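Colleague: Compact mmCIF, C-alpha atoms and all ligand atoms, saved as final.txt, coming up:
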# COMPACT_ATOMS: atom_id res chain seq x y z
CA MET A 543 118.02 105.60 97.15
CA SER A 544 119.48 107.14 94.07
CA LEU A 545 118.67 109.94 91.72
CA TYR A 546 117.72 108.92 88.20
CA GLU A 547 118.44 111.87 85.95
CA VAL A 548 116.33 112.38 82.84
CA ILE A 549 116.78 115.18 80.33
CA ILE A 550 113.42 116.72 79.49
CA ARG A 551 113.31 120.41 78.64
CA ASP A 552 109.66 121.28 78.35
CA TRP A 553 106.29 120.35 79.80
CA THR A 554 104.76 119.16 76.54
CA THR A 555 107.56 117.03 75.15
CA ARG A 556 107.79 113.26 75.00
CA ALA A 557 110.38 111.54 77.15
CA PRO A 558 113.49 110.20 75.42
CA SER A 559 112.49 106.80 74.03
CA ASP A 560 115.16 104.94 75.99
CA VAL A 561 113.82 106.38 79.27
CA ALA A 562 110.13 105.54 79.15
CA PRO A 563 110.55 101.78 79.73
CA LEU A 564 112.78 102.42 82.76
CA ALA A 565 111.26 105.32 84.64
CA ALA A 566 108.37 103.52 86.32
CA GLY A 567 110.69 100.75 87.49
CA ARG A 568 113.08 103.31 88.94
CA LEU A 569 110.27 105.04 90.81
CA GLU A 570 109.02 101.70 92.12
CA GLN A 571 112.44 100.84 93.50
CA ALA A 572 112.28 104.13 95.46
CA ASP A 573 114.57 106.18 93.25
CA VAL A 574 113.85 109.85 92.80
CA ILE A 575 113.51 110.90 89.15
CA PHE A 576 115.38 114.16 88.74
CA LEU A 577 114.67 116.45 85.77
CA PRO A 578 117.46 119.06 86.02
CA HIS A 579 116.38 120.94 82.88
CA LEU A 580 112.64 121.04 83.43
CA ARG A 581 111.99 124.59 84.63
CA PHE A 582 108.45 125.82 85.21
CA GLU A 583 108.25 129.30 83.71
CA ILE A 584 106.58 132.06 85.67
CA ALA A 585 105.13 134.98 83.68
CA PRO A 586 106.05 138.56 84.77
CA ASP A 587 102.51 139.29 85.99
CA GLU A 588 102.57 136.12 88.13
CA THR A 589 105.54 137.17 90.28
CA ARG A 590 103.14 139.21 92.46
CA LEU A 591 101.71 135.88 93.68
CA PHE A 592 105.07 134.92 95.16
CA ASP A 593 104.34 136.04 98.69
CA PRO A 594 103.70 133.90 101.80
CA ALA A 595 100.98 136.40 102.77
CA ILE A 596 98.64 134.81 100.19
CA LEU A 597 98.34 131.78 102.51
CA GLY A 598 96.61 133.25 105.54
CA PRO A 599 97.01 130.59 108.26
CA ALA A 600 97.49 127.69 105.78
CA LYS A 601 100.74 125.89 105.03
CA ASN A 602 100.17 125.59 101.26
CA ALA A 603 97.66 126.91 98.75
CA SER A 604 95.81 124.09 97.01
CA PHE A 605 94.28 123.49 93.61
CA ASP A 606 91.76 120.84 92.63
CA PRO A 607 92.33 120.12 88.93
CA GLN A 608 89.03 118.23 88.56
CA ARG A 609 86.98 121.24 89.59
CA GLY A 610 89.51 123.91 88.64
CA ARG A 611 89.17 125.30 92.15
CA LEU A 612 91.66 127.01 94.49
CA GLY A 613 91.77 126.50 98.24
CA ARG A 614 93.71 127.76 101.27
CA THR A 615 94.53 131.18 99.93
CA THR A 616 93.39 134.67 100.85
CA LEU A 617 93.70 135.83 97.23
CA GLU A 618 90.57 137.20 95.57
CA GLY A 619 89.54 138.62 92.22
CA ALA A 620 92.13 138.98 89.47
CA ASP A 621 94.99 137.63 91.60
CA ALA A 622 93.03 134.50 92.53
CA GLU A 623 92.34 134.04 88.82
CA ARG A 624 96.07 134.44 88.10
CA LEU A 625 97.00 131.76 90.62
CA ARG A 626 94.25 129.48 89.35
CA ALA A 627 95.61 129.82 85.80
CA LEU A 628 99.18 129.20 86.96
CA MET A 629 98.23 126.10 88.90
CA GLY A 630 96.06 124.76 86.10
CA ARG A 631 98.97 125.17 83.69
CA PHE A 632 101.33 123.44 86.12
CA SER A 633 98.91 120.62 86.88
CA ASP A 634 98.29 119.88 83.19
CA GLY A 635 102.04 119.95 82.50
CA ALA A 636 102.76 117.64 85.44
CA MET A 637 100.21 115.16 84.09
CA ARG A 638 101.84 115.19 80.64
CA VAL A 639 105.29 114.64 82.13
CA VAL A 640 104.11 111.63 84.16
CA GLU A 641 102.34 110.16 81.13
CA ALA A 642 105.48 110.67 79.03
CA LEU A 643 107.82 109.16 81.63
CA CYS A 644 105.54 106.33 82.72
CA PRO A 645 103.33 105.35 79.77
CA SER A 646 102.37 102.10 81.52
CA TYR A 647 100.66 104.18 84.25
CA ALA A 648 98.79 106.48 81.87
CA ALA A 649 95.48 104.58 81.73
CA ARG A 650 95.15 104.15 85.51
CA ILE A 651 96.85 107.08 87.23
CA GLN A 652 94.66 109.81 88.69
CA ARG A 653 95.44 113.39 89.44
CA GLY A 654 94.82 114.54 93.00
CA ARG A 655 95.38 118.02 94.43
CA ALA A 656 98.21 120.32 93.47
CA SER A 657 99.81 122.77 95.88
CA PHE A 658 101.76 126.02 95.80
CA ARG A 659 104.21 126.35 98.69
CA PRO A 660 105.34 129.97 99.05
CA ALA A 661 106.36 129.74 102.74
CA GLU A 662 109.98 129.27 103.85
CA ILE A 663 110.32 125.83 105.43
CA ALA A 664 113.32 126.42 107.69
CA GLY A 665 112.26 127.72 111.09
CA ARG A 666 108.56 127.46 110.36
CA ALA A 667 106.79 126.93 113.66
CA SER A 668 104.79 123.73 113.69
CA THR A 669 103.80 120.72 115.75
CA TRP A 670 106.08 117.68 115.49
CA ARG A 671 103.40 115.81 113.56
CA LYS A 672 103.17 118.53 110.89
CA ASP A 673 106.92 119.16 110.88
CA ASP A 674 108.10 118.10 107.42
CA THR A 675 111.74 118.78 108.34
CA ARG A 676 111.53 115.35 110.03
CA LEU A 677 111.93 112.25 107.86
CA HIS A 678 108.58 110.66 107.07
CA VAL A 679 106.55 108.82 104.46
CA ASP A 680 103.37 110.51 103.23
CA SER A 681 99.96 109.41 104.42
CA PHE A 682 96.82 111.57 104.40
CA PRO A 683 94.70 111.64 107.58
CA ALA A 684 91.47 112.86 105.94
CA THR A 685 91.73 111.23 102.51
CA PRO A 686 92.66 107.55 102.90
CA SER A 687 94.47 106.10 99.89
CA GLY A 688 93.19 102.58 100.53
CA GLY A 689 96.60 101.29 99.48
CA GLN A 690 96.90 103.33 96.29
CA ARG A 691 100.33 104.74 95.64
CA ILE A 692 101.10 108.42 96.23
CA LEU A 693 103.28 109.74 93.42
CA ARG A 694 104.30 113.40 93.65
CA LEU A 695 105.94 115.74 91.18
CA PHE A 696 107.72 118.78 92.63
CA THR A 697 109.21 121.80 90.91
CA ASN A 698 111.34 124.42 92.61
CA VAL A 699 110.17 127.85 91.41
CA ASN A 700 112.30 129.93 93.78
CA PRO A 701 112.80 133.29 92.02
CA GLU A 702 116.06 134.05 93.89
CA GLY A 703 117.68 130.83 92.72
CA ARG A 704 117.64 129.14 96.14
CA PRO A 705 117.57 125.34 96.31
CA ARG A 706 115.01 123.13 98.03
CA ALA A 707 117.04 121.12 100.52
CA TRP A 708 115.77 117.63 101.26
CA ARG A 709 116.94 114.64 103.22
CA VAL A 710 116.05 111.26 101.73
CA GLY A 711 116.09 108.26 104.02
CA ASP A 712 116.29 104.51 104.13
CA ASP A 713 114.48 101.89 102.08
CA PHE A 714 110.76 101.50 102.96
CA GLU A 715 111.03 97.88 104.01
CA ALA A 716 113.89 98.66 106.41
CA VAL A 717 111.93 101.53 107.94
CA ALA A 718 108.72 99.50 108.14
CA ARG A 719 110.51 96.60 109.84
CA ARG A 720 112.13 98.93 112.34
CA PHE A 721 108.79 100.39 113.42
CA ALA A 722 106.47 97.41 112.79
CA PRO A 723 106.44 96.17 116.41
CA ARG A 724 104.99 99.54 117.41
CA LEU A 725 102.31 99.67 114.68
CA ARG A 726 98.95 98.59 116.10
CA MET A 727 96.09 97.19 114.04
CA PRO A 728 93.08 99.56 114.27
CA LEU A 729 89.93 98.40 116.04
CA PRO A 730 87.54 96.61 113.66
CA GLY A 731 84.97 99.07 112.31
CA SER A 732 86.91 102.15 113.43
CA GLY A 733 87.85 103.05 109.86
CA ARG A 734 84.22 103.07 108.75
CA LEU A 735 83.17 105.03 111.82
CA LEU A 736 85.61 107.83 110.90
CA ALA A 737 83.93 108.11 107.49
CA LEU A 738 80.45 108.13 109.06
CA LEU A 739 81.57 110.94 111.35
CA ARG A 740 82.94 112.71 108.27
CA MET A 741 86.41 112.86 109.74
CA THR A 742 87.65 111.08 106.63
CA LYS A 743 86.45 111.18 103.00
CA SER A 744 86.18 107.40 102.83
CA ALA A 745 86.71 104.50 105.23
CA ARG A 746 90.24 104.42 106.66
CA THR A 747 91.60 100.97 105.82
CA PRO A 748 93.97 99.14 108.19
CA TYR A 749 96.69 100.04 105.68
CA ASP A 750 95.93 103.77 106.05
CA ALA A 751 95.86 103.44 109.85
CA LEU A 752 99.27 101.73 109.89
CA MET A 753 100.78 104.26 107.48
CA LEU A 754 99.59 107.16 109.64
CA GLN A 755 101.17 105.51 112.66
CA LEU A 756 104.38 104.92 110.73
CA HIS A 757 104.45 108.59 109.69
CA ASP A 758 104.05 109.62 113.33
CA ARG A 759 106.48 107.08 114.82
CA MET A 760 109.15 108.15 112.33
CA LYS A 761 108.71 111.84 113.10
CA ALA A 762 108.61 111.30 116.86
CA ASP A 763 111.83 109.24 116.99
CA ALA A 764 114.80 111.56 117.46
CA GLU A 765 117.32 108.71 117.25
CA PHE A 766 115.85 107.56 113.93
CA GLN A 767 115.83 111.14 112.63
CA SER A 768 119.49 111.77 113.32
CA ARG A 769 121.09 108.34 112.89
CA SER A 770 119.19 106.35 110.26
CA PRO A 771 120.84 106.14 106.82
CA GLN A 772 120.07 109.27 104.84
CA ASP A 773 121.32 111.55 102.10
CA ALA A 774 121.05 115.31 101.79
CA ILE A 775 119.91 116.48 98.35
CA ASP A 776 119.62 120.09 97.20
CA PHE A 777 117.19 120.51 94.32
CA PRO A 778 118.26 123.69 92.52
CA ALA A 779 115.77 126.35 91.50
CA GLY A 780 114.46 125.59 88.02
CA THR A 781 114.52 121.82 88.49
CA THR A 782 111.77 119.21 88.84
CA TRP A 783 111.66 115.80 90.53
CA LEU A 784 109.25 112.93 91.16
CA ALA A 785 109.00 110.22 93.79
CA PHE A 786 106.59 107.81 95.41
CA THR A 787 106.46 109.74 98.68
CA ASP A 788 104.50 106.99 100.45
CA GLN A 789 107.64 104.86 100.05
CA VAL A 790 110.61 107.25 99.90
CA SER A 791 111.35 108.66 103.36
CA HIS A 792 111.85 112.37 102.91
CA ALA A 793 112.21 115.62 104.80
CA ALA A 794 112.26 119.17 103.44
CA MET A 795 114.86 121.16 105.40
CA SER A 796 114.80 124.57 103.73
CA GLY A 797 113.53 126.30 100.65
CA GLN A 798 110.73 128.56 99.55
CA TYR A 799 108.37 128.59 96.56
CA GLN A 800 107.55 125.20 95.19
CA LEU A 801 104.76 123.65 93.15
CA GLU A 802 103.63 120.07 93.75
CA GLN A 803 101.18 117.77 92.02
CA THR A 804 99.90 114.58 93.70
CA PHE A 805 98.92 111.49 91.70
CA LEU A 806 97.26 108.32 92.92
CA LEU A 807 98.06 104.98 91.31
CA PRO A 808 96.35 101.64 92.03
CA VAL A 809 98.82 99.03 93.27
CA ASP A 810 97.91 96.62 90.46
CA ALA A 811 98.90 99.26 87.88
CA MET A 812 102.51 99.04 89.06
CA ASN A 813 105.14 97.02 87.18
CA GLN A 814 106.04 95.35 90.48
CA PRO A 815 103.12 95.58 92.92
CA GLU A 816 105.08 93.60 95.52
CA ARG A 817 107.26 96.67 96.06
CA SER A 818 104.29 98.79 97.21
CA PRO A 819 104.07 99.82 100.87
CA LEU A 820 100.73 97.97 100.99
CA ARG A 821 102.30 94.65 100.00
CA VAL A 822 105.38 95.22 102.18
CA LEU A 823 103.24 95.93 105.26
CA GLU A 824 100.99 92.97 104.44
CA ARG A 825 104.05 90.69 104.35
CA ILE A 826 105.30 92.06 107.66
CA LYS A 827 101.91 91.84 109.39
CA GLY A 828 100.94 88.54 107.71
CA ARG A 829 97.46 89.68 106.72
CA ARG A 830 95.48 91.70 104.22
CA LEU A 831 95.37 95.39 105.03
CA ALA A 832 93.12 96.90 102.32
C1 LIG A 901 106.89 116.93 102.09
O1 LIG A 901 106.19 116.36 101.23
O2 LIG A 901 107.10 116.38 103.15
C2 LIG A 901 107.43 118.32 101.85
C3 LIG A 901 108.09 118.41 100.55
C4 LIG A 901 108.43 119.83 100.21
O3 LIG A 901 107.63 120.72 100.52
O4 LIG A 901 109.49 120.06 99.62
FE FE A 902 105.94 114.54 102.82
Let me see the file written as C-alpha cells.
Ligand code: SIN
Ligand code: FE
Modeller:
Amino acid sequence: MSLYEVIIRDWTTRAPSDVAPLAAGRLEQADVIFLPHLRFEIAPDETRLFDPAILGPAKNASFDPQRGRLGRTTLEGADAERLRALMGRFSDGAMRVVEALCPSYAARIQRGRASFRPAEIAGRASTWRKDDTRLHVDSFPATPSGGQRILRLFTNVNPEGRPRAWRVGDDFEAVARRFAPRLRMPLPGSGRLLALLRMTKSARTPYDALMLQLHDRMKADAEFQSRSPQDAIDFPAGTTWLAFTDQVSHAAMSGQYQLEQTFLLPVDAMNQPERSPLRVLERIKGRRLA
C-alpha cells in the first residue's frame, strides 16, 4: 500500500491534468489517494450539528443522495434540514472530485449512501463484528454488491484539529489467500432466499457471501490483527482521502467527526478488472462467484 498524494484545493475544481490518467490505476492497485489540501468547510451555523448525541443508538448518520433523505439521526426540524443541506453539499462535492480524478469511471460509477460520523471511535463499545478498529475489508450484509467495487471518499472534519488514525493492511490477494481455506461456498439458493425474506435488498451472490466471511474471519483473528503487515496512517483534520475499501484492508483506530461517501463501480468499468476482489476470489476458488 502507498499513499498517492494529489493537490486539489476545492470541491469544484478539475484535477491536475497529469493526475487524471493515473488516479484510477493507483486506486485499483490498492493505493490510497490522499488529498492533503481538500478541506470540507463547515459553516458557523453547522457547528451545532457536531455532537454525538444526534445519533441516538446509531453508529453513523446516513444520507441518501438519490432521495435527498437523512437516516439514523434524532435531529428534527431546522437542524435536520441543516444536516441534510450539509450532507447534500458534501455528497455532490465528493461526486465531482471522483469524476475529476477518475474520468474513465464517470459514465458508470454510482453514488450510494453518505455518512456523517460524529462519534469518537476509540473505546466505542461494540461487538467484534462491528468493531472497525480491527483490520477488515468492507462488505455490506444487507445490500449485496454483486461484485461491484466499493469506492469510498472520506474527509476528516474534526473541529479541534484531531487526526483520524487508521491502520492499512496487506494486499488483498495475500489476505484472501491466507483466509481462503476457511471461506465456505454458500448453499445453492441461500442468497435468493435471503432476498425473499427481505433480509437483503437483492440476492446475496456467492461473492458477497465469501466477502462477508472474509470480513468476519479477518476481524476474529487476533494473530492476523497484530502481526500481519500493516502501516499506521494519521489523516489530519482538513484532509480527504479515497480508497477501494473492499480491497484495501483498513481499521479506524481513533478520531471523531468524519464525512464519507460510498460509490459503487461495476468491475468491467475498471482499467484492470483482474485486480478486483471478485476476480481475485474467482481465481482462488476456480469458479464464477457473481
Ligand atoms: C471503516 O470504514 O471501517 C471506518 C472508517 C472510518 O470511520 O474512518
Ligand atoms: Fe470499513
Colleague: Write out as a Markdown table the residues of chain A that have any atom within 8 Å of an atom of ligand LIG 901 (chain A), one row each with the nearest atom pair and its distance in Å to one decimal, counting all atoms listed in the file, sorted by chain and then rising number.
Modeller:
| residue | atom | partner | partner_atom | distance |
| --- | --- | --- | --- | --- |
| A:Arg659 | CA | A:LIG901 | O3 | 6.8 |
| A:Ile663 | CA | A:LIG901 | O3 | 7.6 |
| A:Asp674 | CA | A:LIG901 | O2 | 4.7 |
| A:Thr675 | CA | A:LIG901 | O2 | 7.4 |
| A:Leu677 | CA | A:LIG901 | O2 | 7.9 |
| A:His678 | CA | A:LIG901 | O2 | 7.1 |
| A:Val679 | CA | A:LIG901 | O2 | 7.7 |
| A:Asp680 | CA | A:LIG901 | O1 | 6.8 |
| A:Phe696 | CA | A:LIG901 | O4 | 7.3 |
| A:Arg706 | CA | A:LIG901 | O4 | 6.5 |
| A:Ala707 | CA | A:LIG901 | O4 | 7.7 |
| A:Trp708 | CA | A:LIG901 | O4 | 6.9 |
| A:Thr787 | CA | A:LIG901 | O1 | 7.1 |
| A:His792 | CA | A:LIG901 | O2 | 6.2 |
| A:Ala793 | CA | A:LIG901 | O2 | 5.4 |
| A:Ala794 | CA | A:LIG901 | O4 | 4.8 |
| A:Met795 | CA | A:LIG901 | O4 | 8.0 |
| A:Gly797 | CA | A:LIG901 | O4 | 7.5 |
| A:Gln800 | CA | A:LIG901 | O3 | 7.0 |
| A:Glu802 | CA | A:LIG901 | O3 | 7.9 |
Colleague: Of the candidates A:Cys644, A:Val699, A:Ile775, A:Val548, which one gets nearest to Leu591 (chain A) if we count all atoms listed in the file?
Modeller: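 Of A:Cys644, A:Val699, A:Ile775, A:Val548, the one nearest Leu591 (chain A) is A:Val699, counting all atoms listed in the file.
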Colleague: For ligand FE 902 (chain A), which residue out of A:Arg726, A:Arg671, A:Arg719, A:Arg626 is the nearest one, using all atoms listed in the file?
Modeller: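 So, comparing all the options, the nearest one is A:Arg671.
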Colleague: Residues near Tyr749 (chain A), anyone? I mean within 8 Å using all atoms listed in the file, not counting same-chain ones fewer than 6 positions away, as a list in words.
Modeller: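 My list of contacting residues is Gly688, Gly689, Leu820, Leu823, Leu831 and Ala832 of chain A.
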Colleague: Report as JSON, numbers by chain all protein, DNA and RNA residues lying within 8 Å of region 555-557 of chain A, evaluated on only C-alpha atoms, omitting residues in the same chain fewer than 4 positions from it.
Modeller: {"A": [550, 551, 561, 562, 639, 642, 643]}
Colleague: I'd like the interatomic distance between CA of Ala762 (chain A) and CA of Pro728 (chain A), to a tenth of an Å.
Modeller: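 CA of Ala762 (chain A) sits 19.6 Å away from CA of Pro728 (chain A).
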Colleague: Can you pull out the residues contacting Phe658 (chain A)? Cut-off 6 Å, using only C-alpha atoms, and skip same-chain residues under 6 positions away; I want them as an MDAnalysis selection string.
Modeller: chainID A and resid 602:603 800:801
Colleague: Could you check which of A:Ile651, A:Val710, A:Ala764, A:Val717 is closest to ligand FE 902 (chain A), using all atoms listed in the file?
Modeller: A:Val710
Colleague: Report the distance between CA of Phe714 (chain A) and CA of Val790 (chain A) in Å, rounded to one decimal place.
Modeller: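 A separation of 6.5 Å between them.
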Colleague: Find the residue from A:Ala585, A:Phe576, A:His757, A:Gln803 that sits nearest to Gly630 (chain A); use all atoms listed in the file when measuring.
Modeller: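 Using all atoms listed in the file, the shortest distance to Gly630 (chain A) belongs to A:Gln803.
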Colleague: Name the residues within 9 Å of (110.9, 107.1, 112.3), counting all atoms listed in the file in the file's coordinates, and put them as a VMD selection string.
Modeller: chain A and resid 676 to 678 717 to 718 720 to 721 756 to 767 770
